[in-house]
Amino acid sequence: MRKQIKTAAVCAIIGALAMSAGCSRPKKGNGAEPGGGSAAGIQIKGSDTMVNLGQAWAEAFMKKYPSASMAVTGGGSGTGIAALLNGTTDIAETSRSVEPDEIEQAKKNGVDPNEFKVALDGIAIVVNPKNKIDSLTIAQLADIFTNKITDWKEIGGAPGKIVILSREVNSGTHVYFKEHVLNNGNSKGNVEFSPTALLMSSSQAIADEVTTNVSAIGYYGIGYISSKQKALAISGKTGDEPVAPTLDNVLSGKYPISRPLYMYTNGEPKDSVKNFIDFVLSPEGQTIVKDTGFVPLK
């Protein structure tokens, strides 16, 4: 499903704090101006789920406006929000909303997080293509990821220990999955992932592990689905019809593990940052959302 993105025009180093010389970040003390970019161009940082999408938007924008300069990095939604709060990014890409404690910190830093919903996403549950399982319920997922179900044979699969793969705690996808699957939508729930879960640094790392490990189960945004993994159909409740993680099912709300994707700026965007966000929300920008395997807003 995922479209290959050429990265020659955009420097994207997932999880890294440094960029190449051709795509450098403003030096500390000469960072992003509130709402409007900097001498080094537009800096975008955050969600690993969104990094390919951010690259695709940036590449198309720079083709449309050759004088534009942009840098896109991943590292997790929390990393992007932290960068917005400390003034080292113009745009934070996130797969979750800014949390109350982050808003409080923003106020202390004189930052005003301004939210833009830019796309929709479903969280795909993936296993190796050789796995016999085709569907699961939310309750079964919760039991798997909290280690109550430990063997595939307990849910109709071939005997074998289940290997749990999760994103790291700084990931917005990790936070969303914990709230909406492990805690069944309770934002104040205290159910945690099993300590046996392997914490993976990126969505691509989960995809790579599932491709080679017949015992593994993991999750990532639907933009990462490929033929090398099998995406399971999910039912919200026992007895409900399982629903596949497709663009149409996410847009209609039928797929039970769906969420918005966001961009945040410091206050109202202006200048090149405003132009870029207008482009992201335009029909052309939303076509790029679909082309990269995510779900446009309309």
# chains A, B, ... in the order shown; residues from 1 in each chain; ligands from 1
>>> select_by_dssp(residues="region 64-289 of chain A", states="alpha helix (DSSP H)", output="ChimeraX atom specification")
/A:64,77-85,100-108,138-145,172-177,203-212,247-252,271-281,283-289
>>> residues_around(residues="Ile164 (chain A)", least_positions_apart="4", cutoff="12 Å", atoms="only C-alpha atoms", output="ChimeraX atom specification")
/A:125-127,141-152,193-200,206,209-210,213-219
>>> select_by_dssp(residues="region 15-227 of chain A", states="strand (DSSP E or B)", output="ChimeraX atom specification")
/A:33,37-38,41-46,70-73,91-94,113-127,135-137,151,161,163-167,198-200,216-221
>>> write_last_selection(atoms="N, CA and C atoms", output="short mmCIF file (atom, residue, chain, number, x, y, z; two decimals), in the first residue's frame")
data_model
loop_
_atom_site.label_atom_id
_atom_site.label_comp_id
_atom_site.auth_asym_id
_atom_site.auth_seq_id
_atom_site.Cartn_x
_atom_site.Cartn_y
_atom_site.Cartn_z
N GLU A 33 11.12 31.02 14.43
CA GLU A 33 10.31 32.13 14.92
C GLU A 33 8.88 31.62 15.15
N GLY A 37 8.75 29.79 10.52
CA GLY A 37 9.96 29.35 9.85
C GLY A 37 11.17 30.14 10.29
N SER A 38 12.32 29.85 9.65
CA SER A 38 13.58 30.48 10.05
C SER A 38 14.47 30.61 8.83
N GLY A 41 14.96 27.56 6.82
CA GLY A 41 13.80 26.93 6.21
C GLY A 41 12.84 26.39 7.25
N ILE A 42 11.85 25.65 6.77
CA ILE A 42 10.83 25.09 7.65
C ILE A 42 11.35 23.80 8.27
N GLN A 43 11.30 23.74 9.60
CA GLN A 43 11.73 22.55 10.33
C GLN A 43 10.49 21.78 10.79
N ILE A 44 10.43 20.49 10.47
CA ILE A 44 9.31 19.63 10.85
C ILE A 44 9.88 18.43 11.60
N LYS A 45 9.31 18.15 12.78
CA LYS A 45 9.83 17.04 13.59
C LYS A 45 8.68 16.35 14.30
N GLY A 46 8.83 15.03 14.51
CA GLY A 46 7.84 14.35 15.33
C GLY A 46 7.52 12.93 14.94
N MET A 70 13.23 22.85 3.37
CA MET A 70 12.55 22.13 4.43
C MET A 70 13.42 21.00 4.95
N ALA A 71 13.19 20.61 6.19
CA ALA A 71 13.84 19.45 6.78
C ALA A 71 12.80 18.68 7.59
N VAL A 72 12.73 17.38 7.40
CA VAL A 72 11.75 16.53 8.07
C VAL A 72 12.47 15.44 8.84
N THR A 73 12.19 15.32 10.15
CA THR A 73 12.74 14.23 10.94
C THR A 73 11.65 13.57 11.76
N ILE A 91 7.11 23.07 13.02
CA ILE A 91 5.91 22.22 12.99
C ILE A 91 6.21 20.91 13.70
N ALA A 92 5.35 20.53 14.62
CA ALA A 92 5.42 19.20 15.24
C ALA A 92 4.37 18.32 14.57
N GLU A 93 4.80 17.20 14.02
CA GLU A 93 3.87 16.20 13.50
C GLU A 93 3.57 15.21 14.63
N THR A 94 2.30 14.94 14.89
CA THR A 94 1.96 14.05 15.99
C THR A 94 0.81 13.13 15.62
N PRO A 113 0.55 26.11 21.55
CA PRO A 113 0.35 25.04 20.57
C PRO A 113 -0.97 25.22 19.80
N ASN A 114 -0.87 25.33 18.50
CA ASN A 114 -2.02 25.53 17.62
C ASN A 114 -2.20 24.27 16.77
N GLU A 115 -3.35 23.63 16.90
CA GLU A 115 -3.56 22.29 16.33
C GLU A 115 -4.22 22.34 14.95
N PHE A 116 -3.70 21.49 14.04
CA PHE A 116 -4.30 21.27 12.73
C PHE A 116 -4.48 19.77 12.52
N LYS A 117 -5.70 19.34 12.25
CA LYS A 117 -5.92 17.96 11.85
C LYS A 117 -5.60 17.86 10.36
N VAL A 118 -4.66 16.97 10.00
CA VAL A 118 -4.16 16.96 8.62
C VAL A 118 -4.45 15.67 7.87
N ALA A 119 -4.82 14.60 8.58
CA ALA A 119 -5.10 13.32 7.93
C ALA A 119 -5.73 12.39 8.96
N LEU A 120 -6.16 11.24 8.49
CA LEU A 120 -6.67 10.19 9.36
C LEU A 120 -5.80 8.94 9.19
N ASP A 121 -5.82 8.10 10.20
CA ASP A 121 -4.99 6.89 10.18
C ASP A 121 -5.70 5.78 10.93
N GLY A 122 -5.50 4.57 10.48
CA GLY A 122 -5.90 3.40 11.25
C GLY A 122 -4.65 2.69 11.73
N ILE A 123 -4.71 2.12 12.91
CA ILE A 123 -3.57 1.34 13.41
C ILE A 123 -3.79 -0.12 13.00
N ALA A 124 -2.93 -0.59 12.12
CA ALA A 124 -3.03 -1.97 11.64
C ALA A 124 -2.35 -2.91 12.62
N ILE A 125 -2.99 -4.05 12.87
CA ILE A 125 -2.40 -5.12 13.68
C ILE A 125 -1.83 -6.14 12.69
N VAL A 126 -0.54 -6.39 12.77
CA VAL A 126 0.12 -7.18 11.74
C VAL A 126 0.81 -8.42 12.31
N VAL A 127 0.74 -9.50 11.52
CA VAL A 127 1.43 -10.75 11.83
C VAL A 127 2.16 -11.21 10.56
N SER A 135 -8.16 -12.69 12.04
CA SER A 135 -8.90 -11.63 12.73
C SER A 135 -8.81 -11.82 14.24
N LEU A 136 -8.98 -10.71 14.96
CA LEU A 136 -8.98 -10.72 16.41
C LEU A 136 -9.97 -9.68 16.91
N THR A 137 -10.37 -9.80 18.16
CA THR A 137 -11.19 -8.77 18.80
C THR A 137 -10.28 -7.83 19.59
N ASP A 151 0.22 -17.91 23.90
CA ASP A 151 0.51 -18.88 22.85
C ASP A 151 -0.54 -18.76 21.75
N LYS A 161 4.92 -19.68 21.07
CA LYS A 161 4.90 -18.50 21.95
C LYS A 161 4.71 -17.24 21.13
N VAL A 163 5.30 -13.50 20.24
CA VAL A 163 6.31 -12.47 20.43
C VAL A 163 5.63 -11.11 20.22
N ILE A 164 5.58 -10.30 21.29
CA ILE A 164 4.89 -9.01 21.27
C ILE A 164 5.85 -7.91 20.85
N LEU A 165 5.44 -7.15 19.84
CA LEU A 165 6.22 -6.00 19.39
C LEU A 165 5.42 -4.73 19.65
N SER A 166 6.06 -3.74 20.25
CA SER A 166 5.39 -2.47 20.53
C SER A 166 6.32 -1.32 20.14
N ARG A 167 5.75 -0.17 19.81
CA ARG A 167 6.54 1.04 19.67
C ARG A 167 7.02 1.48 21.05
N LEU A 198 8.72 -6.39 23.16
CA LEU A 198 9.94 -5.83 22.59
C LEU A 198 9.62 -4.43 22.07
N LEU A 199 10.29 -3.41 22.60
CA LEU A 199 10.03 -2.04 22.20
C LEU A 199 10.88 -1.69 20.99
N MET A 200 10.20 -1.36 19.90
CA MET A 200 10.87 -1.12 18.62
C MET A 200 10.98 0.38 18.36
N ALA A 216 5.62 -13.35 15.67
CA ALA A 216 5.48 -11.96 16.10
C ALA A 216 4.11 -11.37 15.79
N ILE A 217 3.71 -10.40 16.61
CA ILE A 217 2.55 -9.56 16.35
C ILE A 217 2.92 -8.14 16.74
N GLY A 218 2.53 -7.18 15.91
CA GLY A 218 2.85 -5.79 16.19
C GLY A 218 1.79 -4.87 15.62
N TYR A 219 2.05 -3.59 15.69
CA TYR A 219 1.07 -2.60 15.20
C TYR A 219 1.80 -1.40 14.64
N TYR A 220 1.18 -0.78 13.63
CA TYR A 220 1.69 0.47 13.07
C TYR A 220 0.59 1.12 12.23
N GLY A 221 0.83 2.36 11.78
CA GLY A 221 -0.13 3.05 10.94
C GLY A 221 -0.32 2.35 9.61
#
>>> closest_atom_pairs(of="region 205-278 of chain A", to="region 178-187 of chain A", cutoff="10 Å", atoms="only C-alpha atoms", output="tab-separated table")
residue	atom	partner	partner_atom	distance
A:Gly236	CA	A:Val181	CA	9.6
A:Pro256	CA	A:His180	CA	9.3
A:Ile257	CA	A:His180	CA	7.5
A:Ser258	CA	A:His180	CA	9.5
>>> write_last_selection(atoms="N, CA and C atoms", output="tab-separated table (two decimals), in the first residue's frame")
chain	number	residue	atom	x	y	z
A	236	GLY	N	-14.62	-4.73	17.18
A	236	GLY	CA	-14.63	-3.98	18.42
A	236	GLY	C	-15.11	-4.81	19.60
A	256	PRO	N	-12.19	-0.15	14.05
A	256	PRO	CA	-12.28	0.30	15.45
A	256	PRO	C	-11.02	0.94	16.03
A	257	ILE	N	-9.88	0.85	15.34
A	257	ILE	CA	-8.66	1.44	15.87
A	257	ILE	C	-8.20	2.54	14.91
A	258	SER	N	-8.89	3.65	14.92
A	258	SER	CA	-8.61	4.76	14.02
A	258	SER	C	-8.37	6.04	14.81
>>> closest_residue(among="A:Ala56, A:Glu192, A:Asn249, A:Gly76", to="Thr173 (chain A)", atoms="only C-alpha atoms")
A:Gly76
>>> closest_residue(among="A:Thr89, A:Ser226, A:Thr79, A:Ser201", to="Thr292 (chain A)", atoms="only C-alpha atoms")
A:Ser226
>>> closest_residue(among="A:Asn266, A:Gly75, A:Ser67, A:Gly54", to="Asn109 (chain A)", atoms="only C-alpha atoms")
A:Asn266
>>> closest_residue(among="A:Ala60, A:Met50, A:Ala205, A:Ile288", to="Gly172 (chain A)", atoms="only C-alpha atoms")
A:Met50
>>> closest_residue(among="A:Lys228, A:Lys107, A:Lys290, A:Arg259", to="Asn131 (chain A)", atoms="only C-alpha atoms")
A:Lys228
>>> atom_distance(atom1="CA of Lys254 (chain A)", atom2="CA of Ser235 (chain A)")
9.3 Å
>>> atom_distance(atom1="CA of Ser202 (chain A)", atom2="CA of Ser171 (chain A)")
8.6 Å
>>> closest_residue(among="A:Ala83, A:Ile138, A:Val169, A:Val280", to="Phe61 (chain A)", atoms="only C-alpha atoms")
A:Val280
